[in-house]
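Structure file structure.txt; described as compact mmCIF, C-alpha atoms.
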# COMPACT_ATOMS: atom_id res chain seq x y z
CA MET A 70 8.80 -101.00 28.77
CA ARG A 71 7.07 -102.74 25.89
CA GLY A 72 9.36 -104.65 23.51
CA GLU A 73 12.24 -105.15 26.02
CA THR A 74 13.64 -108.77 26.24
CA GLY A 75 16.86 -110.53 27.19
CA SER A 76 19.13 -110.73 30.17
CA GLY A 77 20.55 -107.91 32.22
CA THR A 78 23.56 -107.71 29.91
CA SER A 79 21.40 -107.27 26.90
CA ALA A 80 19.33 -104.74 28.83
CA ARG A 81 22.47 -102.75 29.69
CA ARG A 82 23.53 -103.00 26.05
CA GLY A 83 20.09 -101.71 25.02
CA MET A 84 20.41 -98.82 27.45
CA THR A 85 23.84 -97.98 26.08
CA ILE A 86 22.60 -98.04 22.50
CA GLY A 87 19.54 -96.02 23.51
CA ALA A 88 21.70 -93.42 25.24
CA LEU A 89 23.93 -93.21 22.20
CA GLY A 90 20.91 -92.74 19.98
CA VAL A 91 19.62 -89.97 22.22
CA ALA A 92 23.06 -88.40 22.23
CA LEU A 93 23.20 -88.54 18.46
CA LEU A 94 19.64 -87.24 18.18
CA LEU A 95 20.30 -84.35 20.50
CA GLY A 96 23.74 -83.71 19.04
CA VAL A 97 25.53 -84.07 22.39
CA THR A 98 29.30 -84.17 22.09
CA GLY A 99 31.79 -85.64 24.38
CA THR A 100 32.07 -82.29 26.14
CA GLY A 101 28.37 -82.33 26.98
CA LEU A 102 27.59 -79.38 24.67
CA ALA A 103 24.71 -79.59 22.21
CA VAL A 104 25.77 -79.28 18.59
CA PRO A 105 23.32 -77.34 16.41
CA PRO A 106 21.68 -79.32 13.67
CA PRO A 107 23.07 -78.92 10.16
CA PRO A 108 21.63 -76.07 8.10
CA PRO A 109 19.02 -76.97 5.49
CA ASN A 110 20.37 -78.24 2.21
CA PRO A 111 17.96 -77.44 -0.66
CA SER A 112 17.94 -79.88 -3.54
CA ASP A 113 19.21 -79.07 -7.01
CA SER A 114 15.67 -79.27 -8.33
CA GLU A 115 14.51 -76.65 -5.81
CA ILE A 116 17.34 -74.31 -6.78
CA ASN A 117 16.83 -74.88 -10.51
CA SER A 118 13.09 -74.36 -10.16
CA SER A 119 13.59 -71.08 -8.30
CA LYS A 120 16.10 -69.94 -10.93
CA ALA A 121 13.64 -70.76 -13.71
CA ASP A 122 10.94 -68.80 -11.89
CA ALA A 123 13.28 -65.83 -11.44
CA ASN A 124 14.29 -65.95 -15.11
CA ALA A 125 10.63 -66.03 -16.13
CA LYS A 126 9.92 -63.03 -13.92
CA ALA A 127 12.95 -61.23 -15.36
CA GLY A 128 11.56 -61.89 -18.83
CA ASP A 129 8.21 -60.45 -17.76
CA VAL A 130 9.94 -57.40 -16.35
CA GLY A 131 11.87 -56.94 -19.58
CA ARG A 132 8.71 -57.29 -21.66
CA LEU A 133 6.79 -54.80 -19.50
CA THR A 134 9.77 -52.47 -19.45
CA ASN A 135 9.85 -52.43 -23.24
CA GLN A 136 6.09 -51.89 -23.38
CA LEU A 137 6.39 -49.07 -20.86
CA ALA A 138 9.26 -47.50 -22.80
CA GLN A 139 7.12 -47.55 -25.95
CA ALA A 140 4.15 -46.18 -24.01
CA GLU A 141 6.29 -43.41 -22.52
CA SER A 142 7.56 -42.56 -26.00
CA LYS A 143 3.97 -42.41 -27.28
CA LEU A 144 2.95 -40.29 -24.29
CA SER A 145 5.83 -37.92 -25.04
CA GLN A 146 4.61 -37.61 -28.64
CA LEU A 147 1.08 -36.98 -27.39
CA ASN A 148 2.39 -34.34 -25.01
CA ASP A 149 4.04 -32.61 -27.97
CA GLU A 150 0.79 -32.94 -29.93
CA VAL A 151 -1.18 -31.37 -27.07
CA GLU A 152 1.26 -28.48 -26.89
CA LEU A 153 0.96 -27.98 -30.67
CA LYS A 154 -2.84 -28.10 -30.55
CA MET A 155 -2.85 -25.67 -27.64
CA GLU A 156 -0.76 -23.22 -29.64
CA GLU A 157 -2.97 -23.70 -32.69
CA ALA A 158 -6.01 -23.03 -30.49
CA ASN A 159 -4.33 -19.88 -29.18
CA LYS A 160 -3.68 -18.75 -32.76
CA ALA A 161 -7.31 -19.42 -33.69
CA ARG A 162 -8.48 -17.38 -30.70
CA VAL A 163 -6.25 -14.46 -31.65
CA ASP A 164 -7.41 -14.64 -35.29
CA ALA A 165 -11.06 -14.74 -34.17
CA ASP A 166 -10.56 -11.72 -31.91
CA THR A 167 -8.82 -9.85 -34.75
CA ALA A 168 -11.61 -10.75 -37.19
CA GLN A 169 -14.18 -9.59 -34.63
CA ASP A 170 -12.41 -6.24 -34.31
CA GLU A 171 -12.13 -5.87 -38.10
CA ALA A 172 -15.82 -6.66 -38.55
CA ALA A 173 -16.77 -4.13 -35.88
CA GLN A 174 -14.59 -1.46 -37.54
CA ALA A 175 -16.02 -2.29 -40.98
CA ASP A 176 -19.54 -1.95 -39.57
CA ARG A 177 -18.66 1.45 -38.10
CA ASP A 178 -17.15 2.53 -41.46
CA ALA A 179 -20.30 1.40 -43.28
CA GLN A 180 -22.52 3.32 -40.87
CA SER A 181 -20.35 6.42 -41.30
CA ALA A 182 -20.43 6.11 -45.10
CA ARG A 183 -24.20 5.76 -45.10
CA THR A 184 -24.50 8.80 -42.84
CA GLU A 185 -22.29 10.89 -45.17
CA SER A 186 -24.21 9.68 -48.21
CA ASP A 187 -27.54 10.58 -46.57
CA ALA A 188 -26.23 14.05 -45.65
CA ALA A 189 -24.98 14.63 -49.21
CA GLN A 190 -28.34 13.58 -50.60
CA ALA A 191 -30.16 16.01 -48.28
CA THR A 192 -27.90 18.87 -49.40
CA ILE A 193 -28.51 18.02 -53.04
CA ASP A 194 -32.26 17.93 -52.47
CA LYS A 195 -32.11 21.39 -50.84
CA ALA A 196 -29.96 22.80 -53.69
CA ARG A 197 -32.33 21.37 -56.27
CA ALA A 198 -35.28 23.02 -54.50
CA ASP A 199 -33.45 26.35 -54.44
CA LEU A 200 -32.67 26.04 -58.13
CA ASP A 201 -36.28 25.24 -58.92
CA LYS A 202 -37.32 28.37 -57.04
CA PHE A 203 -34.78 30.41 -58.92
CA ALA A 204 -35.97 29.06 -62.25
CA ALA A 205 -39.59 29.75 -61.33
CA ALA A 206 -38.78 33.25 -60.12
CA SER A 207 -36.94 34.03 -63.36
CA PHE A 208 -40.23 33.62 -65.26
CA GLN A 209 -42.42 35.59 -62.89
CA GLN A 210 -43.11 39.22 -63.60
CA GLY A 211 -41.81 41.66 -61.09
CA SER A 212 -39.20 39.35 -59.76
CA THR A 213 -36.29 41.17 -58.18
CA VAL A 214 -34.01 38.28 -58.83
CA GLY A 215 -34.62 37.34 -62.46
CA SER A 216 -37.39 36.92 -65.04
CA VAL A 217 -38.47 39.21 -67.88
CA SER A 218 -39.04 42.26 -65.62
CA ALA A 219 -35.38 42.33 -64.92
CA TYR A 220 -34.75 42.97 -68.60
CA LEU A 221 -37.72 45.38 -69.20
CA THR A 222 -36.75 47.75 -66.46
CA ALA A 223 -33.20 48.22 -67.82
CA ASP A 224 -32.47 51.90 -68.76
CA SER A 225 -29.91 51.12 -71.47
CA PRO A 226 -28.60 48.23 -73.56
CA LYS A 227 -25.50 48.17 -71.41
CA GLU A 228 -27.55 47.74 -68.24
CA LEU A 229 -29.67 45.12 -69.96
CA LEU A 230 -26.54 43.19 -70.90
CA GLY A 231 -25.23 43.47 -67.35
CA ARG A 232 -28.47 42.16 -65.90
CA ALA A 233 -28.45 39.22 -68.34
CA GLN A 234 -24.86 38.38 -67.34
CA MET A 235 -25.78 38.59 -63.66
CA LEU A 236 -28.76 36.26 -64.08
CA ASP A 237 -26.65 33.85 -66.09
CA ALA A 238 -23.92 33.91 -63.46
CA VAL A 239 -26.36 33.36 -60.63
CA GLY A 240 -28.00 30.47 -62.45
CA GLY A 241 -24.64 29.01 -63.51
CA SER A 242 -23.23 29.09 -59.98
CA ARG A 243 -26.28 27.32 -58.68
CA LEU A 244 -26.00 24.70 -61.41
CA ASN A 245 -22.26 24.28 -60.74
CA ALA A 246 -22.98 23.86 -57.06
CA LEU A 247 -25.60 21.30 -57.90
CA ASP A 248 -23.17 19.38 -60.09
CA THR A 249 -20.53 19.50 -57.38
CA MET A 250 -22.95 18.15 -54.84
CA LYS A 251 -24.04 15.43 -57.24
CA ARG A 252 -20.45 14.39 -57.67
CA ALA A 253 -20.01 14.42 -53.91
CA GLN A 254 -23.13 12.32 -53.51
CA THR A 255 -21.79 9.84 -56.07
CA GLU A 256 -18.50 9.63 -54.21
CA LYS A 257 -20.33 9.09 -50.95
CA SER A 258 -22.46 6.40 -52.53
CA ASN A 259 -19.31 4.70 -53.81
CA LYS A 260 -17.80 4.91 -50.35
CA ASP A 261 -20.99 3.46 -48.93
CA ALA A 262 -20.85 0.55 -51.40
CA THR A 263 -17.16 -0.03 -50.63
CA ALA A 264 -17.87 0.04 -46.90
CA ARG A 265 -20.68 -2.47 -47.31
CA LYS A 266 -18.36 -4.74 -49.31
CA LYS A 267 -15.66 -4.47 -46.64
CA LEU A 268 -18.26 -5.28 -44.00
CA GLU A 269 -19.32 -8.41 -45.90
CA ILE A 270 -15.68 -9.52 -46.23
CA ALA A 271 -15.00 -8.80 -42.56
CA GLN A 272 -18.08 -10.69 -41.45
CA GLU A 273 -17.10 -13.65 -43.68
CA ARG A 274 -13.62 -13.57 -42.20
CA LYS A 275 -15.14 -13.45 -38.73
CA ARG A 276 -17.28 -16.52 -39.46
CA ALA A 277 -14.26 -18.39 -40.85
CA ALA A 278 -12.14 -17.44 -37.82
CA GLU A 279 -14.84 -18.58 -35.41
CA ALA A 280 -15.15 -21.89 -37.30
CA ALA A 281 -11.35 -22.32 -37.15
CA LYS A 282 -11.42 -21.56 -33.43
CA HIS A 283 -14.13 -24.16 -32.88
CA GLU A 284 -12.15 -26.73 -34.88
CA ALA A 285 -8.92 -25.90 -32.99
CA ASP A 286 -10.69 -26.20 -29.63
CA ASN A 287 -12.06 -29.61 -30.65
CA ALA A 288 -8.61 -30.73 -31.81
CA GLN A 289 -7.08 -29.59 -28.54
CA SER A 290 -9.76 -31.42 -26.58
CA ALA A 291 -9.20 -34.60 -28.62
CA ALA A 292 -5.43 -34.40 -28.13
CA GLN A 293 -5.86 -33.86 -24.41
CA HIS A 294 -8.20 -36.84 -24.20
CA ALA A 295 -5.68 -39.02 -26.06
CA GLN A 296 -2.95 -37.85 -23.71
CA ASP A 297 -5.07 -38.60 -20.63
CA THR A 298 -5.96 -42.05 -21.99
CA GLN A 299 -2.30 -42.84 -22.69
CA ALA A 300 -1.28 -41.56 -19.26
CA THR A 301 -3.84 -43.91 -17.69
CA GLN A 302 -2.47 -46.81 -19.73
CA ASN A 303 1.06 -45.86 -18.67
CA GLY A 304 -0.07 -45.88 -15.06
CA LEU A 305 -1.51 -49.36 -15.43
CA LEU A 306 1.64 -50.59 -17.16
CA GLU A 307 3.79 -49.00 -14.46
CA ALA A 308 1.68 -50.70 -11.78
CA ASP A 309 1.97 -54.07 -13.57
CA LYS A 310 5.71 -53.58 -13.98
CA THR A 311 6.11 -52.62 -10.32
CA ASN A 312 4.15 -55.72 -9.28
CA VAL A 313 6.23 -58.01 -11.51
CA GLU A 314 9.43 -56.32 -10.33
CA LYS A 315 8.35 -57.12 -6.79
CA GLN A 316 7.73 -60.73 -7.80
CA LEU A 317 11.12 -60.77 -9.53
CA PHE A 318 12.79 -59.45 -6.41
CA GLU A 319 11.05 -62.09 -4.29
CA ALA A 320 12.04 -64.80 -6.78
CA GLN A 321 15.63 -63.56 -6.82
CA GLN A 322 15.61 -63.43 -3.04
CA LYS A 323 14.38 -67.01 -3.02
CA VAL A 324 17.19 -68.04 -5.39
CA SER A 325 19.70 -66.19 -3.25
CA GLY A 326 18.22 -67.72 -0.12
CA LEU A 327 18.39 -71.27 -1.48
CA GLN A 328 21.88 -70.70 -2.83
CA GLY A 329 22.83 -69.22 0.52
CA GLN A 330 21.40 -72.24 2.31
CA ARG A 331 23.33 -74.53 -0.01
CA GLN A 332 26.53 -72.55 0.58
CA ARG A 333 26.01 -72.54 4.35
CA TYR A 334 25.37 -76.26 4.28
CA GLN A 335 28.51 -76.87 2.26
CA ASP A 336 30.50 -74.61 4.57
CA TRP A 337 29.05 -76.46 7.56
CA LYS A 338 29.86 -79.81 5.99
CA ALA A 339 33.44 -78.77 5.23
CA GLN A 340 33.85 -77.32 8.70
CA LYS A 341 32.41 -80.44 10.26
CA ALA A 342 34.86 -82.55 8.29
CA ARG A 343 37.72 -80.38 9.52
CA GLU A 344 36.48 -80.62 13.08
CA ASP A 345 36.06 -84.41 12.81
CA GLU A 346 39.58 -84.65 11.42
CA GLU A 347 40.89 -82.45 14.20
CA ARG A 348 39.10 -84.52 16.85
CA ALA A 349 40.50 -87.73 15.35
CA ARG A 350 43.96 -86.23 15.35
CA GLN A 351 43.61 -85.07 18.93
CA ALA A 352 42.28 -88.50 19.91
CA ALA A 353 45.25 -90.15 18.28
CA LEU A 354 47.60 -87.81 20.10
CA ALA A 355 45.84 -88.46 23.37
CA ALA A 356 46.11 -92.21 22.83
CA SER A 357 49.84 -91.94 22.24
CA ARG A 358 50.45 -89.92 25.38
CA PRO A 359 50.95 -91.28 28.88
CA SER A 360 47.83 -91.83 30.91
CA PRO A 361 46.70 -89.15 33.34
CA GLY A 362 49.06 -88.74 36.19
CA GLN A 363 52.02 -89.77 34.04
CA GLY A 364 52.46 -86.34 32.44
CA GLY A 365 51.24 -84.87 29.24
CA GLY A 366 47.64 -84.06 30.08
CA GLY A 367 47.16 -82.53 26.66
CA ARG A 368 43.76 -81.13 25.83
CA PRO A 369 42.38 -81.35 22.33
CA SER A 370 41.80 -78.01 20.79
CA SER A 371 38.39 -77.08 19.44
CA GLY A 372 38.58 -76.21 15.81
CA ARG A 373 37.14 -72.88 14.76
CA PRO A 374 35.56 -72.21 11.40
CA ALA A 375 37.41 -70.02 8.97
CA GLN A 376 36.33 -66.42 9.17
CA SER A 377 33.81 -65.50 6.51
CA ALA A 378 34.25 -62.61 4.06
CA PRO A 379 32.98 -59.18 5.14
CA ALA A 380 29.27 -58.72 4.61
CA GLY A 381 28.40 -57.27 1.21
CA SER A 382 31.81 -57.84 -0.37
CA SER A 383 30.59 -60.18 -3.12
CA VAL A 384 29.07 -59.14 -6.44
CA GLU A 385 25.78 -60.85 -5.60
CA ALA A 386 25.61 -59.18 -2.19
CA VAL A 387 26.13 -55.78 -3.82
CA VAL A 388 23.47 -56.50 -6.46
CA GLN A 389 20.94 -57.76 -3.92
CA ARG A 390 21.61 -54.73 -1.73
CA ALA A 391 20.70 -52.45 -4.64
CA LEU A 392 17.66 -54.55 -5.60
CA SER A 393 16.39 -54.42 -2.02
CA GLN A 394 15.59 -50.73 -2.56
CA LEU A 395 13.29 -51.21 -5.56
CA GLY A 396 10.25 -48.97 -5.35
CA LEU A 397 11.78 -46.36 -3.06
CA PRO A 398 11.31 -42.78 -4.33
CA TYR A 399 14.01 -40.79 -6.05
CA ALA A 400 15.24 -38.02 -3.76
CA TRP A 401 18.01 -35.74 -5.02
CA GLY A 402 20.95 -35.84 -2.60
CA GLY A 403 19.43 -38.85 -0.77
CA GLY A 404 21.08 -42.08 0.31
CA ASN A 405 24.20 -43.15 2.19
CA GLY A 406 25.93 -46.34 3.27
CA SER A 407 23.21 -47.06 5.82
CA GLY A 408 20.21 -46.65 3.55
CA PRO A 409 17.80 -44.03 2.20
CA THR A 410 17.88 -40.48 3.56
CA ARG A 411 15.89 -37.29 3.10
CA GLY A 412 16.65 -35.44 -0.14
CA ILE A 413 17.97 -31.88 -0.29
CA ARG A 414 16.96 -28.72 -2.13
CA ASP A 415 18.47 -27.88 -5.50
CA GLY A 416 16.57 -24.67 -6.26
CA GLY A 417 15.09 -26.19 -9.42
CA THR A 418 13.62 -29.48 -10.68
CA ALA A 419 14.13 -31.46 -7.47
CA ASP A 420 12.39 -28.74 -5.46
CA ARG A 421 9.41 -28.76 -7.83
CA TYR A 422 9.03 -32.50 -7.20
CA GLY A 423 9.45 -32.02 -3.43
CA ASP A 424 12.59 -34.21 -3.23
CA TYR A 425 13.62 -32.43 -0.03
CA MET A 426 10.50 -33.89 1.65
CA LYS A 427 11.09 -37.49 0.46
CA ILE A 428 13.14 -40.32 1.94
CA GLY A 429 14.99 -42.15 -0.83
CA PHE A 430 18.02 -42.23 -3.12
CA ASP A 431 19.47 -40.35 -6.02
CA CYS A 432 21.52 -42.30 -8.58
CA SER A 433 24.91 -41.98 -6.87
CA GLY A 434 23.35 -42.41 -3.41
CA LEU A 435 22.02 -45.85 -4.44
CA MET A 436 25.55 -46.87 -5.50
CA ILE A 437 26.94 -45.68 -2.15
CA TYR A 438 24.47 -47.95 -0.35
CA ALA A 439 25.00 -50.94 -2.67
CA PHE A 440 28.81 -50.88 -2.36
CA ALA A 441 28.93 -50.00 1.34
CA GLY A 442 30.39 -53.42 2.15
CA VAL A 443 33.11 -52.98 -0.49
CA ARG A 444 34.31 -49.41 -0.14
CA SER A 445 33.12 -45.89 0.60
CA LEU A 446 32.08 -43.97 -2.51
CA PRO A 447 31.73 -40.17 -2.93
CA HIS A 448 28.23 -38.82 -3.48
CA TYR A 449 28.93 -37.73 -7.06
CA SER A 450 28.64 -39.91 -10.17
CA GLY A 451 31.61 -38.19 -11.85
CA TYR A 452 33.93 -39.26 -9.02
CA GLN A 453 32.36 -42.73 -8.90
CA TYR A 454 33.29 -43.17 -12.57
CA ASN A 455 36.95 -43.04 -11.53
CA ALA A 456 36.47 -45.15 -8.38
CA GLY A 457 36.89 -48.53 -10.03
CA ARG A 458 38.75 -50.28 -12.83
CA LYS A 459 37.65 -49.17 -16.31
CA VAL A 460 36.09 -51.97 -18.35
CA PRO A 461 34.91 -51.66 -21.99
CA LEU A 462 31.15 -51.95 -22.31
CA SER A 463 31.62 -55.08 -24.41
CA GLN A 464 33.10 -56.74 -21.29
CA MET A 465 30.68 -55.40 -18.68
CA ARG A 466 29.23 -57.88 -16.24
CA ARG A 467 26.82 -58.10 -13.31
CA GLY A 468 27.66 -55.62 -10.55
CA ASP A 469 29.53 -53.12 -12.77
CA MET A 470 28.56 -49.43 -12.66
CA LEU A 471 27.39 -47.77 -15.91
CA PHE A 472 27.56 -44.02 -16.51
CA TRP A 473 26.00 -41.44 -18.84
CA GLY A 474 27.38 -38.07 -19.89
CA GLY A 475 29.57 -36.29 -22.41
CA SER A 476 32.84 -36.83 -20.56
CA ALA A 477 34.25 -37.83 -17.19
CA ARG A 478 33.67 -34.24 -16.03
CA GLY A 479 30.17 -34.11 -17.49
CA ILE A 480 28.73 -37.37 -16.10
CA HIS A 481 25.16 -36.94 -14.91
CA HIS A 482 23.87 -40.46 -14.15
CA VAL A 483 25.02 -43.84 -12.83
CA ALA A 484 23.31 -47.26 -12.62
CA MET A 485 24.30 -50.87 -11.82
CA TYR A 486 24.38 -53.52 -14.54
CA LEU A 487 22.43 -56.70 -13.71
CA GLY A 488 23.13 -58.74 -16.83
CA ASN A 489 20.88 -59.70 -19.75
CA GLY A 490 20.70 -56.05 -20.85
CA GLN A 491 19.07 -54.93 -17.57
CA MET A 492 20.16 -52.45 -14.94
CA VAL A 493 18.94 -51.10 -11.60
CA GLU A 494 18.85 -47.34 -11.12
CA ALA A 495 17.41 -44.39 -9.22
CA PRO A 496 16.32 -42.59 -12.40
CA GLN A 497 15.11 -39.01 -11.77
CA SER A 498 12.80 -36.82 -9.71
CA GLY A 499 9.23 -38.07 -9.73
CA LEU A 500 10.21 -41.71 -10.33
CA ARG A 501 11.33 -44.62 -8.14
CA VAL A 502 14.23 -47.04 -7.91
CA ARG A 503 13.61 -49.53 -10.73
CA ILE A 504 14.95 -52.16 -13.08
CA ALA A 505 15.19 -50.92 -16.67
CA PRO A 506 16.82 -51.91 -19.98
CA VAL A 507 20.29 -50.46 -20.46
CA ARG A 508 20.04 -47.16 -22.38
CA TYR A 509 22.93 -46.80 -24.81
CA GLY A 510 22.22 -43.22 -25.85
CA GLY A 511 24.83 -40.99 -24.20
CA ILE A 512 26.40 -43.91 -22.26
CA MET A 513 30.08 -43.64 -21.36
CA PRO A 514 32.38 -46.09 -23.22
CA TYR A 515 33.58 -47.77 -20.01
CA ALA A 516 31.96 -49.39 -16.99
CA ALA A 517 33.53 -49.10 -13.54
CA ARG A 518 34.28 -52.42 -11.77
CA LEU A 519 34.87 -52.40 -8.02
CA ILE A 520 34.80 -56.16 -7.44
CA GLY A 521 36.95 -58.69 -9.30
Show me this structure written as structure tokens.
Amino acid sequence: MRGETGSGTSARRGMTIGALGVALLLGVTGTGLAVPPPPPNPSDSEINSSKADANAKAGDVGRLTNQLAQAESKLSQLNDEVELKMEEANKARVDADTAQDEAAQADRDAQSARTESDAAQATIDKARADLDKFAAASFQQGSTVGSVSAYLTADSPKELLGRAQMLDAVGGSRLNALDTMKRAQTEKSNKDATARKKLEIAQERKRAAEAAKHEADNAQSAAQHAQDTQATQNGLLEADKTNVEKQLFEAQQKVSGLQGQRQRYQDWKAQKAREDEERARQAALAASRPSPGQGGGGRPSSGRPAQSAPAGSSVEAVVQRALSQLGLPYAWGGGNGSGPTRGIRDGGTADRYGDYMKIGFDCSGLMIYAFAGVRSLPHYSGYQYNAGRKVPLSQMRRGDMLFWGGSARGIHHVAMYLGNGQMVEAPQSGLRVRIAPVRYGGIMPYAARLIG
């Protein structure tokens, strides 16, 4: 073997040292069992760098969350504007239809008035012709109706006077009839003029109503376009936020992983120290005992590591368990201690969103899953409010449950506080498990603390 020198003693010494090195390299103990290598021990700089990255991602999530909240508020305003413009368009359509009906009726009235006026004029023309005939006949000799012969053939003054009165009456009645018809024709002409004026007004109103309808339709279209544009922007913001939330989760997982590695290394180091101490103690005891065959024969005990805490019993474990479900859909009635489940029917909003066909969580179901390693929670936020120790909101901390409602009996939502004004929640039908800023409107005055 290249590099070997010296006598047999030095060769044996080299073999002994080499065997010891191999034993140390392989982690072979005196019992012949291989000892696993120590867990990785990340450096402080690695942990601090991962924390800084996670904090930066949390800041990005907060910024995007605020932007999205503002965008959602604007979208809500635009939704209201669209509804208003739709109603205004409906009003304009009704007004246009009414104006159309009024114009049609005014046109029919004008036609009827013109027809009556024309008929009255024809009657007057006929009466005037009859009167002209009567007047002509009264001056013709031998007329049986009037004229001079009617007076010459009278047998007495009395008969002459009677015939004169009769002719006067006949002429007067025809003239009266003519005057009456003239008055009727005047009235009909006035009606015709009034009808034409009403028709002009109705047609003007119709044009104005149609213009208003056109303007209302354009306003509705513009409002709808603005709403669609904002909804698209909201979708992009939501996608960006979801992506950054994923990056935040990965960064937080990295921090937790590095911190977990550090903790496992420290636990391993402490346990190894205890085992080394125990082996030294056992060796000392063995040295003080009689040699084999002289009694004693004690056997050193193998130290066992202290039993670790139940999985999920720490605040960070509970928080990470909740954060692990980011992005899962909201499903009313969904979620248990093992994970997401299919939602159930509620006969209303949840059914319209198809929650009963989705696998996910509702708000209290997410809390059940997060705290499964701590205690079993009922699937109702009102009962969960009384499940832990009440803490004023001014003292809330990471891992506490926050609630919204008018009273303990009227609680309708629960979320988990993450710190820095952020929370994780399963918000409502149609949305997904997310990180959001704490909403203080309608929040209950106390948080519920199950750990610590």
Please identify every residue of stretch 466-512 of chain A that has at least one atom no farther than 12 Å from an atom of stretch 457-462 of chain A, counting only C-alpha atoms, and for each give the shortest atom pair and the distance in Å to one decimal, arranged by chain then increasing number, as JSON lines.
{"residue": "A:Arg466", "atom": "CA", "partner": "A:Leu462", "partner_atom": "CA", "distance": 8.7}
{"residue": "A:Arg467", "atom": "CA", "partner": "A:Leu462", "partner_atom": "CA", "distance": 11.7}
{"residue": "A:Gly468", "atom": "CA", "partner": "A:Gly457", "partner_atom": "CA", "distance": 11.7}
{"residue": "A:Asp469", "atom": "CA", "partner": "A:Val460", "partner_atom": "CA", "distance": 8.7}
{"residue": "A:Met470", "atom": "CA", "partner": "A:Gly457", "partner_atom": "CA", "distance": 8.8}
{"residue": "A:Leu471", "atom": "CA", "partner": "A:Leu462", "partner_atom": "CA", "distance": 8.5}
{"residue": "A:Phe472", "atom": "CA", "partner": "A:Leu462", "partner_atom": "CA", "distance": 10.5}
{"residue": "A:Ala477", "atom": "CA", "partner": "A:Lys459", "partner_atom": "CA", "distance": 11.9}
{"residue": "A:Tyr486", "atom": "CA", "partner": "A:Leu462", "partner_atom": "CA", "distance": 10.4}
{"residue": "A:Gly488", "atom": "CA", "partner": "A:Leu462", "partner_atom": "CA", "distance": 11.9}
{"residue": "A:Gly490", "atom": "CA", "partner": "A:Leu462", "partner_atom": "CA", "distance": 11.3}
{"residue": "A:Val507", "atom": "CA", "partner": "A:Leu462", "partner_atom": "CA", "distance": 11.1}
{"residue": "A:Tyr509", "atom": "CA", "partner": "A:Leu462", "partner_atom": "CA", "distance": 10.0}
{"residue": "A:Ile512", "atom": "CA", "partner": "A:Leu462", "partner_atom": "CA", "distance": 9.3}
Q: Kindly provide, as a PyMOL selection string, the polymer residues lying within 12 Å of (32.1, -52.8, -2.6), counting only C-alpha atoms and using the coordinates exactly as they appear in the file.
A: chain A and resi 379-388+390-391+406+436-446+453+456-457+468-470+517-521
Write a file of the selected residues as a short mmCIF file (atom, residue, chain, number, x, y, z; two decimals), in the coordinates of the input, keeping C-alpha atoms.
data_model
loop_
_atom_site.label_atom_id
_atom_site.label_comp_id
_atom_site.auth_asym_id
_atom_site.auth_seq_id
_atom_site.Cartn_x
_atom_site.Cartn_y
_atom_site.Cartn_z
CA PRO A 379 32.98 -59.18 5.14
CA ALA A 380 29.27 -58.72 4.61
CA GLY A 381 28.40 -57.27 1.21
CA SER A 382 31.81 -57.84 -0.37
CA SER A 383 30.59 -60.18 -3.12
CA VAL A 384 29.07 -59.14 -6.44
CA GLU A 385 25.78 -60.85 -5.60
CA ALA A 386 25.61 -59.18 -2.19
CA VAL A 387 26.13 -55.78 -3.82
CA VAL A 388 23.47 -56.50 -6.46
CA ARG A 390 21.61 -54.73 -1.73
CA ALA A 391 20.70 -52.45 -4.64
CA GLY A 406 25.93 -46.34 3.27
CA MET A 436 25.55 -46.87 -5.50
CA ILE A 437 26.94 -45.68 -2.15
CA TYR A 438 24.47 -47.95 -0.35
CA ALA A 439 25.00 -50.94 -2.67
CA PHE A 440 28.81 -50.88 -2.36
CA ALA A 441 28.93 -50.00 1.34
CA GLY A 442 30.39 -53.42 2.15
CA VAL A 443 33.11 -52.98 -0.49
CA ARG A 444 34.31 -49.41 -0.14
CA SER A 445 33.12 -45.89 0.60
CA LEU A 446 32.08 -43.97 -2.51
CA GLN A 453 32.36 -42.73 -8.90
CA ALA A 456 36.47 -45.15 -8.38
CA GLY A 457 36.89 -48.53 -10.03
CA GLY A 468 27.66 -55.62 -10.55
CA ASP A 469 29.53 -53.12 -12.77
CA MET A 470 28.56 -49.43 -12.66
CA ALA A 517 33.53 -49.10 -13.54
CA ARG A 518 34.28 -52.42 -11.77
CA LEU A 519 34.87 -52.40 -8.02
CA ILE A 520 34.80 -56.16 -7.44
CA GLY A 521 36.95 -58.69 -9.30
#
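Proximity of A:Ser325, A:Ser450, A:Gln316, A:Ser242 to A:His481, computed with only C-alpha atoms, is greatest for A:Ser450.
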Q: Using atom CA of A:Ser476 and atom CA of A:Gly451 as the two end points, give the distance in Å to one decimal.
A: 8.9 Å
Q: Can you work out which one of A:Lys143, A:Arg421, A:Lys154, A:His482 has the shortest atom-to-atom distance to A:Ala495, counting all atoms listed in the file?
A: A:His482
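Distance-wise, atom CA of A:Thr418 and atom CA of A:Ala295 end up 26.5 Å apart.
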Q: Work out how far atom CA of A:Ala292 is from atom CA of A:Asp149, in Å to one decimal.
A: 9.6 Å
So that I can see what lies close to A:Ala300, please list as a CSV table (one decimal) with C-alpha atoms, keeping the file's coordinate frame the residues with an atom at most 7 Å from it, counting all atoms listed in the file and leaving out residues fewer than 4 positions away in the same chain.
chain,number,residue,atom,x,y,z
A,144,LEU,CA,3.0,-40.3,-24.3
A,296,GLN,CA,-3.0,-37.8,-23.7
A,304,GLY,CA,-0.1,-45.9,-15.1
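Minimum atom-to-atom distances from A:Glu319, A:Asp178, A:Asp201, A:Asp224 to A:Lys266 were compared using all atoms listed in the file, and the lowest value belongs to A:Asp178.
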